[in-house]
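**Q** Once you've had a glance at the structure underneath, I'll fire off some questions.
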There are 2 protein chains.
Amino acid sequence: MSSITEVAREARVSTATVSHVINNTRYVSEEVRARVMLAIEQCRYYPNAHARSLASGRSKVIGLVISDIANPFFPELVKAIEEAAFERGYDIFLSNTNYDPERTSHYVQRFIERKVAGVAVMTSEMKKELIDELSHRKVPVVFLDVGEAGMQMSNLRVDYEEGIEQAILHLVALGHRRIAYISGKVDIRSSRRRLEAFQKTMRQLFPDVPELIFYGNFKIEGGQRAANEILATGVDNLPTAVIAANDLTAIGAISQFESAGLNVPRDISVVGFDDIDFAALTRPALTTISLPRNELGRRAVEMLIRILENPEERGVEIRIPTNLVIRQSTAPAPIKPAQDELRRTPMVEKQLV
Amino acid sequence: MSSITEVAREARVSTATVSHVINNTRYVSEEVRARVMLAIEQCRYYPNAHARSLASGRSKVIGLVISDIANPFFPELVKAIEEAAFERGYDIFLSNTNYDPERTSHYVQRFIERKVAGVAVMTSEMKKELIDELSHRKVPVVFLDVGEAGMQMSNLRVDYEEGIEQAILHLVALGHRRIAYISGKVDIRSSRRRLEAFQKTMRQLFPDVPELIFYGNFKIEGGQRAANEILATGVDNLPTAVIAANDLTAIGAISQFESAGLNVPRDISVVGFDDIDFAALTRPALTTISLPRNELGRRAVEMLIRILENPEERGVEIRIPTNLVIRQSTAPAPIKPAQDELRRTPMVEKQLV
DNA sequence: GTATCGTTTGAAATCTGTTGGTGATAGCAG
DNA sequence: CTGCTATCACCAACAGATTTCAAACGATAC
């Protein structure tokens, strides 16, 4: 009920005309247009989106794949994407994979069935075959930091190195040399990229300082465990600063350091990554490398729509900058005997690298 | 391409048979079924959901309306809803209203166009007319704590009183009497409901203690401002405990109290509301009234599907319990002269109530 | 008076499924 | 062998839009 036919009858025109009035797809005289508009009002008519996309092949829905909405990184990203999509008349299908490849495939299948206009893949847990499946169906895709741009596929490449380099230089300027890194799991691509960026800069600056790499899991609890491991290296070898792979990890580490009687930042400086909303509100407020989720979200939608509108063009790769936000969790390196001792034995350490 | 027609041709049967195989809607011999399955494989066929719901009238998509995904209350709720919906084969359209009625109407309109199977309204920013619109189109709806159950509408009624009463009794058992409350904005329904629950219990227990109500905005910063106002009441009149309308408010209040030199919980106890994931990880870990978002989400989907399956039945109202989770932000009331003084002048205070 | 033209509108095909009605085939009883 | 009942698959009519093709129109030109 309340279909285009009814409106057409009410306005005494054909359904074609009604369609053209709604979509502005061809000239319709003012008089007829007015009649149609009135009829639409009177019938309380809303076009049926299914019939519409069946007939036209288009759809105005974007599939959004994320790994875990409970991770504070994502809500802020989702918000940005949702906002950008809304402005352009697109709705979003939300799919939370929980890092489960099974669920991911299920969702990709559904996206294809639902004929989404495009898919934003904001997780790295996506198998190659799925990407091929999407590519085969000519569904535009935009990735976050995975794979390369290609036909119908664009990529947002986060420049982790930039922010990490800033963080390291900031710490170095404060007198730090022994800087540890708490990584996420290495089987997550973005985690690996961050780690590599850290290693690269450190090797350039301090080829003779041994690498201090620990492992968490992108969650608070993982940060706590890694902090314990750091503490277990003994007071003499304690790093004076720690960079964590994400803010949750940093928060966990800070809490553990403080439980152990250390003061952050007096005894040890901590830098996070992501700049989640909470980062500004912890005590001490977290110095962290900001990954601009707002821009990320906006760009993702923009790129998707760009592919939609120019299907022949190749997808592109866009660089997303990261940069350091200095708050209260970093301070000048403490001057302790341990440090001096350290400086006296660079050659030994060099062998360790 | 790759439509049901193609599959039918490939399997040498009619499209009807293919459809029946896919949907199990009537008996098909093993032999033919096998042929059809094979053809589906070979054609890499995925049914077109639009054609499907156009023909059948059904849709398997749930519209989810929330106010702000950046508020930590929501991601956890969204996750639960998404999970429950996924299990039942439903997808969700996410709509973040940002507390903007304009956007809300826009979204409701889109939901109608997209012929969603049902709508979960997890915000109170929804005008009556919109609800009527949905009701007029016979779209099943489930509300969180708004309006009443009716035809095609169910309601999840959160029992705020239960948890708040537990919180107050807990504080009273610790010796507190001057308990302040930091409310959210009163134009938000759930905020009002919480405030009223607090007032009701307090009046029953302490008819002669003046009410100490302050106002925040459900955000951290609002909690900080409210805490300042509390501090401004002067040391002699300081409440010994504060209950906040949500955890963010509580976290803001704690940080402000500590900035002012007070120790939480030694000098002042603080109770939050919601039990967001972070609540367990703040220092001190937050004593808070838990609102089980997991159950909330699961129930919401259940109720929606129940209406879908029994369209003639009236919607129902389900009570969702809340209960106190005790952590480290509450402790025995400090014994100070200010307290004694207070106890000596109950009659004066009574007049103030 | 007819051919031409641009403008405005309509008829009908199309998109891809679902589903009720119908027809064909086989098995079985009489 | 006929008639009846299951059993199984097909035909065709939808669902509600978009879009192509063409008709109708008055105006203008010749």
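Ligands are numbered from 1 in the order shown, chains are lettered A, B, ... in the order of the structure tokens, and residues start at 1 in each chain.
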Using only C-alpha atoms (C1' of nucleotides), select each residue of chain C with any atom at most 8 Å away from an atom of chain B, and give the selection as a PyMOL selection string.
**A** chain C and resi 15-18
**Q** Just need the residues of chain D within 7 Å of chain A, counting only C-alpha atoms (C1' of nucleotides), so spit them out as a PyMOL selection string.
**A** chain D and resi 16-18
**Q** Please report as a ChimeraX atom specification which residues of chain A come no farther than 9 Å from chain B, using only C-alpha atoms.
**A** /A:46-54,68-72,74-76,78-79,82-83,86,91-96,103,107,109-110,112-115,220,252,255,277,281-283
**Q** For a test of reading the model, state the distance in Å between atom C1' of DG20 of chain C and atom C1' of DT5 of chain D, rounded to one decimal.
**A**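 Between these atoms lies a distance of 20.2 Å.
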**Q** Please extract the residues of segment 31-194 of chain A with a backbone DSSP assignment of strand (DSSP E or B) and present them as a PyMOL selection string.
**A** chain A and resi 61-66+91-96+118-122+141-144+150-151+153-158+179-183
**Q** Taking only C-alpha atoms (C1' of nucleotides) into account, which of D:DA24, D:DC4, D:DC11, D:DC30 comes nearest DA3 of chain C?
**A**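 Between D:DA24, D:DC4, D:DC11, D:DC30, the residue approaching DA3 of chain C most closely is D:DC30.
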**Q** I'd like the neighbourhood of DA12 of chain C as an MDAnalysis selection string, where a residue qualifies if any of its atoms comes within 12 Å (using only C-alpha atoms (C1' of nucleotides)), though same-chain residues fewer than 6 positions away should be ignored.
**A** (chainID A and resid 14:16) or (chainID D and resid 19:22)
